[in-house]
$ cat target19.pdb   # PDB, C-alpha atoms
ATOM      1  CA  MET C1138      83.117  42.373 153.676
ATOM      2  CA  ILE C1139      79.725  40.959 154.609
ATOM      3  CA  VAL C1140      79.051  39.855 158.155
ATOM      4  CA  GLY C1141      75.892  37.949 159.065
ATOM      5  CA  VAL C1142      74.340  38.602 162.467
ATOM      6  CA  LYS C1143      72.181  35.747 163.781
ATOM      7  CA  ILE C1144      69.876  36.924 166.563
ATOM      8  CA  LEU C1145      67.788  34.648 168.782
ATOM      9  CA  PRO C1146      65.601  35.291 171.815
ATOM     10  CA  ARG C1147      67.214  34.185 175.065
ATOM     11  CA  GLU C1148      66.170  30.770 176.427
ATOM     12  CA  GLU C1149      64.502  32.289 179.494
ATOM     13  CA  VAL C1150      62.376  34.654 177.409
ATOM     14  CA  LEU C1151      58.990  33.468 176.224
ATOM     15  CA  ASP C1152      59.316  33.360 172.431
ATOM     16  CA  SER C1153      55.754  34.057 171.297
ATOM     17  CA  GLN C1154      56.585  33.789 167.593
ATOM     18  CA  GLY C1155      58.432  30.505 168.022
ATOM     19  CA  ARG C1156      55.535  29.114 170.013
ATOM     20  CA  ALA C1157      52.996  30.139 167.367
ATOM     21  CA  VAL C1158      55.053  28.513 164.598
ATOM     22  CA  GLU C1159      55.521  25.373 166.682
ATOM     23  CA  ASN C1160      51.764  25.108 167.332
ATOM     24  CA  THR C1161      50.988  25.393 163.635
ATOM     25  CA  LEU C1162      53.585  22.764 162.721
ATOM     26  CA  GLN C1163      52.163  20.402 165.316
ATOM     27  CA  GLN C1164      48.655  20.905 163.940
ATOM     28  CA  HIS C1165      50.048  19.637 160.644
ATOM     29  CA  ASN C1166      51.605  16.573 162.298
ATOM     30  CA  TYR C1167      55.212  17.745 162.159
ATOM     31  CA  THR C1168      56.873  16.472 165.305
ATOM     32  CA  ILE C1169      59.481  18.923 166.512
ATOM     33  CA  ASN C1170      61.072  19.423 169.908
ATOM     34  CA  GLY C1171      60.984  23.190 169.840
ATOM     35  CA  CYS C1172      61.104  26.199 167.591
ATOM     36  CA  ARG C1173      62.574  29.631 168.185
ATOM     37  CA  VAL C1174      62.218  32.561 165.844
ATOM     38  CA  GLY C1175      64.928  35.182 165.590
ATOM     39  CA  LYS C1176      66.264  37.396 162.843
ATOM     40  CA  TYR C1177      69.195  37.538 160.487
ATOM     41  CA  ILE C1178      70.911  40.773 159.528
ATOM     42  CA  GLN C1179      73.661  41.244 156.933
ATOM     43  CA  LEU C1180      76.119  44.073 157.444
ATOM     44  CA  ASN C1181      78.419  45.170 154.654
ATOM     45  CA  VAL C1182      81.371  46.586 156.592
ATOM     46  CA  GLU C1183      84.544  48.269 155.393
ATOM     47  CA  ALA C1184      87.393  46.017 156.551
ATOM     48  CA  SER C1185      90.628  44.500 155.233
ATOM     49  CA  THR C1186      90.640  41.400 157.437
ATOM     50  CA  GLU C1187      87.945  39.089 158.782
ATOM     51  CA  ASP C1188      88.930  39.945 162.355
ATOM     52  CA  GLU C1189      88.472  43.634 161.694
ATOM     53  CA  ALA C1190      85.097  43.002 160.048
ATOM     54  CA  LEU C1191      83.913  40.905 162.993
ATOM     55  CA  LYS C1192      85.104  43.514 165.483
ATOM     56  CA  LYS C1193      83.186  46.278 163.702
ATOM     57  CA  ALA C1194      80.080  44.101 163.368
ATOM     58  CA  LYS C1195      80.192  43.219 167.074
ATOM     59  CA  GLU C1196      80.303  46.889 168.022
ATOM     60  CA  ILE C1197      77.357  47.706 165.718
ATOM     61  CA  THR C1198      75.363  44.725 166.952
ATOM     62  CA  GLU C1199      75.804  45.672 170.592
ATOM     63  CA  PHE C1200      75.057  49.336 169.819
ATOM     64  CA  VAL C1201      71.551  48.777 168.455
ATOM     65  CA  LEU C1202      70.895  45.456 166.702
ATOM     66  CA  ILE C1203      70.238  43.450 169.860
ATOM     67  CA  ASN C1204      68.845  44.064 173.315
ATOM     68  CA  PRO C1205      71.022  41.921 175.603
ATOM     69  CA  LEU C1206      68.180  41.586 178.121
ATOM     70  CA  VAL C1207      66.199  39.394 175.733
ATOM     71  CA  GLU C1208      68.453  38.431 172.817
ATOM     72  CA  THR C1209      71.724  36.688 172.025
ATOM     73  CA  PHE C1210      73.725  36.846 168.785
ATOM     74  CA  GLN C1211      76.352  35.064 166.716
ATOM     75  CA  LEU C1212      78.433  36.560 163.918
ATOM     76  CA  GLU C1213      79.616  34.877 160.729
ATOM     77  CA  ILE C1214      81.582  35.967 157.696
ATOM     78  CA  VAL C1215      79.399  35.465 154.641
TER      79      VAL C1215
ATOM     80  CA  MET Q1211      51.101  76.505 184.139
ATOM     81  CA  LYS Q1212      54.080  74.481 183.030
ATOM     82  CA  ARG Q1213      55.846  74.225 179.705
ATOM     83  CA  VAL Q1214      55.836  70.585 178.625
ATOM     84  CA  GLY Q1215      57.825  69.267 175.654
ATOM     85  CA  VAL Q1216      56.101  66.602 173.556
ATOM     86  CA  VAL Q1217      58.556  64.548 171.524
ATOM     87  CA  ARG Q1218      57.545  63.403 168.041
ATOM     88  CA  PHE Q1219      59.229  60.718 165.936
ATOM     89  CA  LEU Q1220      58.225  59.463 162.501
ATOM     90  CA  GLY Q1221      55.418  57.044 163.325
ATOM     91  CA  THR Q1222      54.359  58.614 166.631
ATOM     92  CA  ASN Q1223      50.546  58.695 166.514
ATOM     93  CA  CYS Q1224      49.301  59.643 169.986
ATOM     94  CA  ASP Q1225      51.044  63.015 169.839
ATOM     95  CA  ARG Q1226      47.948  65.189 169.262
ATOM     96  CA  ASP Q1227      45.984  63.416 172.001
ATOM     97  CA  VAL Q1228      48.821  64.049 174.450
ATOM     98  CA  PHE Q1229      49.182  67.678 173.290
ATOM     99  CA  LYS Q1230      45.424  68.235 173.817
ATOM    100  CA  ALA Q1231      45.474  66.504 177.204
ATOM    101  CA  ILE Q1232      48.242  68.811 178.423
ATOM    102  CA  GLU Q1233      46.370  71.876 177.128
ATOM    103  CA  GLN Q1234      43.118  70.684 178.691
ATOM    104  CA  VAL Q1235      44.546  70.735 182.214
ATOM    105  CA  GLY Q1236      46.065  74.193 181.733
ATOM    106  CA  HIS Q1237      49.705  73.512 180.904
ATOM    107  CA  THR Q1238      51.556  74.628 177.775
ATOM    108  CA  PRO Q1239      52.648  71.851 175.431
ATOM    109  CA  GLU Q1240      55.330  72.411 172.807
ATOM    110  CA  TRP Q1241      56.434  70.091 170.006
ATOM    111  CA  LEU Q1242      59.934  68.628 169.966
ATOM    112  CA  TRP Q1243      61.179  67.017 166.749
ATOM    113  CA  TYR Q1244      63.196  63.763 166.685
ATOM    114  CA  GLU Q1245      65.989  65.179 164.495
ATOM    115  CA  ASP Q1246      66.622  68.169 166.760
ATOM    116  CA  SER Q1247      68.236  68.760 170.092
ATOM    117  CA  PHE Q1248      66.582  71.200 172.478
ATOM    118  CA  GLU Q1249      67.362  73.552 175.343
ATOM    119  CA  VAL Q1250      66.643  71.347 178.358
ATOM    120  CA  SER Q1251      66.144  74.255 180.785
ATOM    121  CA  LYS Q1252      63.182  75.535 178.724
ATOM    122  CA  TYR Q1253      60.949  72.625 179.803
ATOM    123  CA  GLU Q1254      59.511  71.692 183.167
ATOM    124  CA  ALA Q1255      58.466  68.271 181.932
ATOM    125  CA  LEU Q1256      58.656  66.037 178.837
ATOM    126  CA  VAL Q1257      56.271  63.467 177.390
ATOM    127  CA  ILE Q1258      57.116  60.832 174.791
ATOM    128  CA  PRO Q1259      53.746  59.754 173.352
ATOM    129  CA  GLY Q1260      52.828  56.366 171.944
ATOM    130  CA  GLY Q1261      52.653  55.101 168.396
ATOM    131  CA  PHE Q1262      54.900  53.071 166.137
ATOM    132  CA  SER Q1263      58.120  55.042 165.850
ATOM    133  CA  TYR Q1264      60.186  53.808 162.897
ATOM    134  CA  GLY Q1265      57.399  51.302 162.189
ATOM    135  CA  ASP Q1266      58.571  49.199 165.157
ATOM    136  CA  TYR Q1267      61.457  48.050 162.915
ATOM    137  CA  LEU Q1268      64.183  45.967 164.603
ATOM    138  CA  ARG Q1269      62.473  46.185 168.041
ATOM    139  CA  SER Q1270      59.800  48.544 169.353
ATOM    140  CA  GLY Q1271      61.506  51.792 170.302
ATOM    141  CA  ALA Q1272      65.026  50.615 169.419
ATOM    142  CA  LEU Q1273      65.694  52.997 166.526
ATOM    143  CA  ALA Q1274      63.927  55.963 168.124
ATOM    144  CA  ALA Q1275      66.142  55.475 171.183
ATOM    145  CA  LYS Q1276      69.133  56.399 168.987
ATOM    146  CA  ALA Q1277      67.529  59.494 167.401
ATOM    147  CA  PRO Q1278      69.271  62.871 167.964
ATOM    148  CA  VAL Q1279      66.511  64.249 170.226
ATOM    149  CA  MET Q1280      67.250  61.490 172.741
ATOM    150  CA  ASN Q1281      70.580  63.143 173.631
ATOM    151  CA  SER Q1282      68.592  66.080 175.008
ATOM    152  CA  VAL Q1283      66.070  63.741 176.643
ATOM    153  CA  SER Q1284      68.938  61.921 178.400
ATOM    154  CA  GLU Q1285      70.387  65.240 179.532
ATOM    155  CA  ALA Q1286      66.963  66.238 180.913
ATOM    156  CA  ALA Q1287      66.706  62.876 182.688
ATOM    157  CA  LYS Q1288      70.078  63.484 184.375
ATOM    158  CA  LYS Q1289      68.969  66.952 185.469
ATOM    159  CA  GLY Q1290      65.872  65.552 187.168
ATOM    160  CA  VAL Q1291      63.251  66.849 184.698
ATOM    161  CA  PRO Q1292      60.043  64.770 184.988
ATOM    162  CA  ILE Q1293      59.745  62.597 181.859
ATOM    163  CA  LEU Q1294      56.810  60.341 180.983
ATOM    164  CA  GLY Q1295      56.895  57.754 178.192
ATOM    165  CA  ILE Q1296      53.514  56.335 177.226
ATOM    166  CA  CYS Q1297      53.278  52.994 175.399
ATOM    167  CA  ASN Q1298      55.813  53.306 172.556
ATOM    168  CA  GLY Q1299      57.314  56.157 174.614
ATOM    169  CA  PHE Q1300      57.842  53.645 177.445
ATOM    170  CA  GLN Q1301      59.498  51.232 174.988
ATOM    171  CA  ILE Q1302      61.776  54.029 173.738
ATOM    172  CA  LEU Q1303      62.859  54.996 177.274
ATOM    173  CA  CYS Q1304      63.679  51.334 178.032
ATOM    174  CA  GLU Q1305      65.674  50.926 174.811
ATOM    175  CA  ALA Q1306      67.505  54.186 175.583
ATOM    176  CA  GLY Q1307      68.538  52.737 178.940
ATOM    177  CA  LEU Q1308      66.703  55.481 180.865
ATOM    178  CA  LEU Q1309      64.336  52.905 182.374
ATOM    179  CA  PRO Q1310      65.066  49.307 183.437
ATOM    180  CA  GLY Q1311      63.775  46.303 181.494
ATOM    181  CA  VAL Q1312      62.299  45.844 178.046
ATOM    182  CA  LEU Q1313      58.852  45.332 176.492
ATOM    183  CA  ILE Q1314      58.375  42.225 174.375
ATOM    184  CA  LYS Q1315      55.447  40.632 172.538
ATOM    185  CA  ASN Q1316      52.297  40.067 174.582
ATOM    186  CA  GLU Q1317      52.153  36.599 176.095
ATOM    187  CA  GLY Q1318      48.896  35.823 174.257
ATOM    188  CA  LEU Q1319      50.454  36.835 170.902
ATOM    189  CA  ARG Q1320      47.596  39.233 170.083
ATOM    190  CA  PHE Q1321      47.441  43.007 169.967
ATOM    191  CA  ILE Q1322      45.274  43.994 172.962
ATOM    192  CA  ASP Q1323      42.935  46.989 173.061
ATOM    193  CA  GLN Q1324      40.869  47.224 176.250
ATOM    194  CA  TRP Q1325      40.289  49.124 179.501
ATOM    195  CA  VAL Q1326      42.429  48.133 182.493
ATOM    196  CA  LYS Q1327      42.368  48.960 186.176
ATOM    197  CA  LEU Q1328      45.690  50.048 187.639
ATOM    198  CA  ASN Q1329      47.054  49.902 191.170
ATOM    199  CA  LEU Q1330      49.518  52.539 192.277
ATOM    200  CA  GLN Q1331      52.598  51.015 193.900
ATOM    201  CA  THR Q1332      54.932  53.987 194.322
ATOM    202  CA  PRO Q1333      53.499  57.529 194.096
ATOM    203  CA  LEU Q1334      55.758  59.893 192.158
ATOM    204  CA  LYS Q1335      56.112  63.651 192.594
ATOM    205  CA  SER Q1336      54.852  64.071 189.036
ATOM    206  CA  TRP Q1337      52.308  62.373 186.785
ATOM    207  CA  GLY Q1338      49.394  62.242 189.159
ATOM    208  CA  GLY Q1339      51.143  61.711 192.485
ATOM    209  CA  SER Q1340      48.891  59.554 194.656
ATOM    210  CA  GLU Q1341      45.695  60.604 192.810
ATOM    211  CA  ILE Q1342      45.951  57.826 190.243
ATOM    212  CA  ASP Q1343      45.431  54.727 192.399
ATOM    213  CA  LYS Q1344      42.682  52.405 191.064
ATOM    214  CA  CYS Q1345      42.316  54.479 187.893
ATOM    215  CA  GLU Q1346      40.865  52.887 184.772
ATOM    216  CA  ILE Q1347      42.486  53.767 181.458
ATOM    217  CA  PRO Q1348      42.882  51.970 178.115
ATOM    218  CA  ILE Q1349      45.733  49.878 176.781
ATOM    219  CA  ALA Q1350      46.442  49.322 173.075
ATOM    220  CA  HIS Q1351      49.625  47.380 172.405
ATOM    221  CA  GLY Q1352      51.207  44.335 170.790
ATOM    222  CA  ASP Q1353      54.559  44.577 172.594
ATOM    223  CA  GLY Q1354      53.434  45.302 176.145
ATOM    224  CA  CYS Q1355      54.863  42.374 178.070
ATOM    225  CA  TYR Q1356      57.332  43.914 180.515
ATOM    226  CA  PHE Q1357      60.380  41.713 181.027
ATOM    227  CA  LEU Q1358      63.204  41.742 183.547
ATOM    228  CA  GLU Q1359      65.375  38.897 184.799
ATOM    229  CA  PRO Q1360      64.580  37.819 188.390
ATOM    230  CA  GLU Q1361      67.782  39.391 189.741
ATOM    231  CA  SER Q1362      67.097  42.789 188.150
ATOM    232  CA  LEU Q1363      63.435  42.586 189.128
ATOM    233  CA  LYS Q1364      64.431  42.186 192.771
ATOM    234  CA  LYS Q1365      66.626  45.273 192.503
ATOM    235  CA  VAL Q1366      63.803  47.266 190.903
ATOM    236  CA  MET Q1367      61.414  46.130 193.652
ATOM    237  CA  ASP Q1368      63.900  46.902 196.435
ATOM    238  CA  GLN Q1369      64.358  50.421 195.062
ATOM    239  CA  ASP Q1370      60.589  51.043 194.823
ATOM    240  CA  GLN Q1371      60.799  51.499 191.058
ATOM    241  CA  ILE Q1372      57.531  49.744 190.279
ATOM    242  CA  TRP Q1373      55.162  52.647 189.626
ATOM    243  CA  MET Q1374      51.885  50.975 188.612
ATOM    244  CA  THR Q1375      50.623  47.410 188.238
ATOM    245  CA  TYR Q1376      47.671  45.874 186.407
ATOM    246  CA  ASP Q1377      44.792  44.705 188.563
ATOM    247  CA  LYS Q1378      44.383  41.850 186.054
ATOM    248  CA  ASN Q1379      47.504  41.148 184.036
ATOM    249  CA  PRO Q1380      46.525  41.390 180.338
ATOM    250  CA  ASN Q1381      49.854  40.690 178.615
ATOM    251  CA  GLY Q1382      52.121  38.494 180.739
ATOM    252  CA  SER Q1383      54.182  41.333 182.209
ATOM    253  CA  VAL Q1384      56.459  40.180 185.003
ATOM    254  CA  ALA Q1385      55.016  41.080 188.448
ATOM    255  CA  ASP Q1386      51.937  42.584 186.688
ATOM    256  CA  ILE Q1387      53.996  45.689 185.896
ATOM    257  CA  ALA Q1388      52.244  48.413 183.871
ATOM    258  CA  GLY Q1389      54.670  51.227 184.666
ATOM    259  CA  VAL Q1390      58.156  51.681 186.135
ATOM    260  CA  THR Q1391      60.438  54.549 187.097
ATOM    261  CA  ASN Q1392      64.166  55.103 187.161
ATOM    262  CA  LYS Q1393      66.132  55.103 190.409
ATOM    263  CA  ASN Q1394      65.731  58.880 190.817
ATOM    264  CA  LYS Q1395      61.948  58.651 190.227
ATOM    265  CA  ASN Q1396      61.895  61.438 187.619
ATOM    266  CA  VAL Q1397      61.657  59.218 184.521
ATOM    267  CA  ALA Q1398      58.511  57.103 184.247
ATOM    268  CA  GLY Q1399      57.097  54.722 181.656
ATOM    269  CA  LEU Q1400      53.520  53.482 181.361
ATOM    270  CA  MET Q1401      51.938  51.085 178.854
ATOM    271  CA  PRO Q1402      48.303  52.278 179.286
ATOM    272  CA  HIS Q1403      47.188  55.562 177.692
ATOM    273  CA  PRO Q1404      45.999  58.236 180.178
ATOM    274  CA  GLU Q1405      45.496  60.704 177.283
ATOM    275  CA  ARG Q1406      42.658  58.453 176.058
ATOM    276  CA  ALA Q1407      40.708  58.896 179.307
ATOM    277  CA  MET Q1408      40.333  62.669 179.575
ATOM    278  CA  TRP Q1409      36.523  63.102 179.543
ATOM    279  CA  ASP Q1410      33.652  60.996 180.818
ATOM    280  CA  TRP Q1411      32.405  60.588 177.254
ATOM    281  CA  MET Q1412      35.655  58.846 176.425
ATOM    282  CA  GLY Q1413      34.763  56.232 179.039
ATOM    283  CA  SER Q1414      36.608  57.813 181.957
ATOM    284  CA  SER Q1415      38.281  61.071 182.906
ATOM    285  CA  SER Q1416      40.755  59.524 185.314
ATOM    286  CA  GLY Q1417      43.603  60.208 182.884
ATOM    287  CA  THR Q1418      43.428  63.929 183.699
ATOM    288  CA  ASN Q1419      45.230  63.408 186.996
ATOM    289  CA  PHE Q1420      48.361  62.200 185.188
ATOM    290  CA  PHE Q1421      48.684  65.526 183.382
ATOM    291  CA  GLU Q1422      47.350  67.921 186.050
ATOM    292  CA  PHE Q1423      49.975  67.090 188.641
ATOM    293  CA  ILE Q1424      53.123  67.470 186.594
TER     294      ILE Q1424
END
$ encode --input "target19.pdb" --output "structure tokens"
Amino acid sequence: MIVGVKILPREEVLDSQGRAVENTLQQHNYTINGCRVGKYIQLNVEASTEDEALKKAKEITEFVLINPLVETFQLEIV
Amino acid sequence: MKRVGVVRFLGTNCDRDVFKAIEQVGHTPEWLWYEDSFEVSKYEALVIPGGFSYGDYLRSGALAAKAPVMNSVSEAAKKGVPILGICNGFQILCEAGLLPGVLIKNEGLRFIDQWVKLNLQTPLKSWGGSEIDKCEIPIAHGDGCYFLEPESLKKVMDQDQIWMTYDKNPNGSVADIAGVTNKNKNVAGLMPHPERAMWDWMGSSSGTNFFEFI
């Protein structure tokens, strides 16, 4: 089963990449109210139910995929 | 003369400079490989040099922090062995939870390579003691912005865990922090590179103090 892990920088952390993208968009006259850049990871986990898959993915994500000091995450079944 | 373990990961690139620096001041460096564990009691100190372990994939230092050798490094940390992480080594120690905080992208977005002046905040028993105040050594990093939430920062300040600060903050680090220590003061991390300031012809020899007083 494939679980998607959506990772974003925390609100209180300066998101340098998001700011750079936002600046470029504004230079090209795209009006946006903010931009944050994160990452998306797909995990193919061995599981018979969605709950089991999400549980395994959560453990893996907290083990190494994110640093809770600066990032938050959301999981989704793909 | 002390035996100092120098940890190498795939992508470490300041390893030979650190090895030479340790030799230069009369200690005995020895390589430690990321896939191995090691006998902790054999070493009087450990250094994790800088570079781009695992190509900085996922986050700087994140994958190296989970490498087998880090089990021995953690054991050494618990036993009070002096451990110094330089640049990527600092990032690895933070990701391994052996130091507080995390290093994120520089505030100004750019990779910075320049000389900085450092102020000593809390002298340690190792890594230069009180001889390193006002030293000038180079930085070279893209992810050097030290970050801690205000609450944790207060705790770190109250426990005198801020080791060194930048005279002029180059990267947006909170409280101008260039180096921190753990609560026990035996594990230290530093973004600037003392091994790149070992002779006057390099621009300064003030890095020698960091390795002499181990």
$ residues_around --input "target19.pdb" --residues "Thr1198 in chain C" --least-positions-apart "2" --cutoff "12 Å" --atoms "all atoms listed in the file" --output "PyMOL selection string"
(chain C and resi 1140-1144+1177-1180+1191-1196+1200-1205+1208-1212) or (chain Q and resi 1268)
$ atom_distance --input "target19.pdb" --atom1 "CA of Val1216 in chain Q" --atom2 "CA of Ile1347 in chain Q"
20.3 Å
$ axis_aligned_box --input "target19.pdb" --around "range 1199-1215 of chain C" --padding-each-side "3 Å" --output "JSON"
{"center_x": 73.9, "center_y": 42.1, "center_z": 166.4, "size_x": 21.4, "size_y": 20.5, "size_z": 29.5}
$ atom_distance --input "target19.pdb" --atom1 "CA of Asp1266 in chain Q" --atom2 "CA of Ile1349 in chain Q"
17.3 Å
$ residues_around --input "target19.pdb" --residues "range 1312-1317 of chain Q" --least-positions-apart "6" --cutoff "10 Å" --atoms "only C-alpha atoms" --output "VMD selection string"
(chain C and resid 1150 to 1154 1204 to 1207) or (chain Q and resid 1269 to 1271 1297 to 1298 1300 to 1305 1351 to 1358 1380 to 1383 1401)
$ closest_residue --input "target19.pdb" --among "Q:Ser1284, Q:Ser1415, Q:Ser1263, Q:Ser1362" --to "chain C" --atoms "only C-alpha atoms"
Q:Ser1362
$ resolve_selection --input "target19.pdb" --expression "the PyMOL selection byres ((chain Q and resi 1236) around 12)" --output "JSON, numbers by chain"
{"Q": [1211, 1212, 1213, 1214, 1229, 1230, 1231, 1232, 1233, 1234, 1235, 1237, 1238, 1239, 1418, 1421, 1422, 1423, 1424]}
$ atom_distance --input "target19.pdb" --atom1 "CA of Lys1395 in chain Q" --atom2 "CA of Gln1371 in chain Q"
7.3 Å
$ resolve_selection --input "target19.pdb" --expression "the PyMOL selection byres ((chain Q and resi 1321-1329) around 6)" --output "ChimeraX atom specification"
/Q:1320,1330,1343-1352,1374-1377
$ resolve_selection --input "target19.pdb" --expression "the PyMOL selection byres ((chain C and resi 1183) around 9)" --output "JSON, numbers by chain"
{"C": [1138, 1139, 1181, 1182, 1184, 1185, 1189, 1190, 1193]}
$ closest_residue --input "target19.pdb" --among "Q:Ala1272, Q:Ala1388, Q:Val1228, Q:Leu1256" --to "chain C" --atoms "all atoms listed in the file"
Q:Ala1272
$ closest_residue --input "target19.pdb" --among "C:Val1215, C:Glu1159, C:Lys1176, C:Thr1168" --to "chain Q" --atoms "only C-alpha atoms"
C:Lys1176
$ closest_residue --input "target19.pdb" --among "Q:Phe1219, Q:Tyr1267, Q:Phe1248, Q:Tyr1253" --to "chain C" --atoms "all atoms listed in the file"
Q:Tyr1267
$ decode --input "target19.pdb" --residues "range 1306-1346 of chain Q" --atoms "C-alpha atoms" --output "compact mmCIF listing (two decimals), in the first residue's frame"
# COMPACT_ATOMS: atom_id res chain seq x y z
CA ALA Q 1306 21.00 12.55 16.27
CA GLY Q 1307 19.51 14.39 19.25
CA LEU Q 1308 22.92 14.71 20.95
CA LEU Q 1309 22.76 18.50 20.66
CA PRO Q 1310 19.71 20.80 20.93
CA GLY Q 1311 18.23 22.58 17.92
CA VAL Q 1312 18.61 22.18 14.18
CA LEU Q 1313 20.44 23.92 11.32
CA ILE Q 1314 18.31 25.18 8.45
CA LYS Q 1315 18.97 27.14 5.25
CA ASN Q 1316 20.86 30.42 5.66
CA GLU Q 1317 18.54 33.39 6.02
CA GLY Q 1318 20.02 35.05 2.91
CA LEU Q 1319 19.44 31.87 0.84
CA ARG Q 1320 23.06 31.77 -0.37
CA PHE Q 1321 25.92 29.44 0.47
CA ILE Q 1322 28.35 31.57 2.51
CA ASP Q 1323 32.13 31.19 2.47
CA GLN Q 1324 33.96 33.82 4.53
CA TRP Q 1325 36.01 34.51 7.67
CA VAL Q 1326 34.08 35.20 10.88
CA LYS Q 1327 35.03 36.44 14.32
CA LEU Q 1328 33.70 34.37 17.20
CA ASN Q 1329 32.96 35.26 20.81
CA LEU Q 1330 33.32 32.59 23.45
CA GLN Q 1331 30.25 32.39 25.69
CA THR Q 1332 30.88 29.27 27.77
CA PRO Q 1333 34.43 27.83 27.94
CA LEU Q 1334 34.47 24.04 27.75
CA LYS Q 1335 37.02 21.66 29.27
CA SER Q 1336 37.89 20.52 25.75
CA TRP Q 1337 38.18 22.12 22.32
CA GLY Q 1338 40.25 25.13 23.23
CA GLY Q 1339 38.95 25.92 26.70
CA SER Q 1340 39.07 29.70 27.16
CA GLU Q 1341 41.85 30.16 24.55
CA ILE Q 1342 39.43 30.55 21.66
CA ASP Q 1343 37.69 33.82 22.53
CA LYS Q 1344 37.74 36.37 19.66
CA CYS Q 1345 39.25 33.81 17.27
CA GLU Q 1346 38.81 34.26 13.53
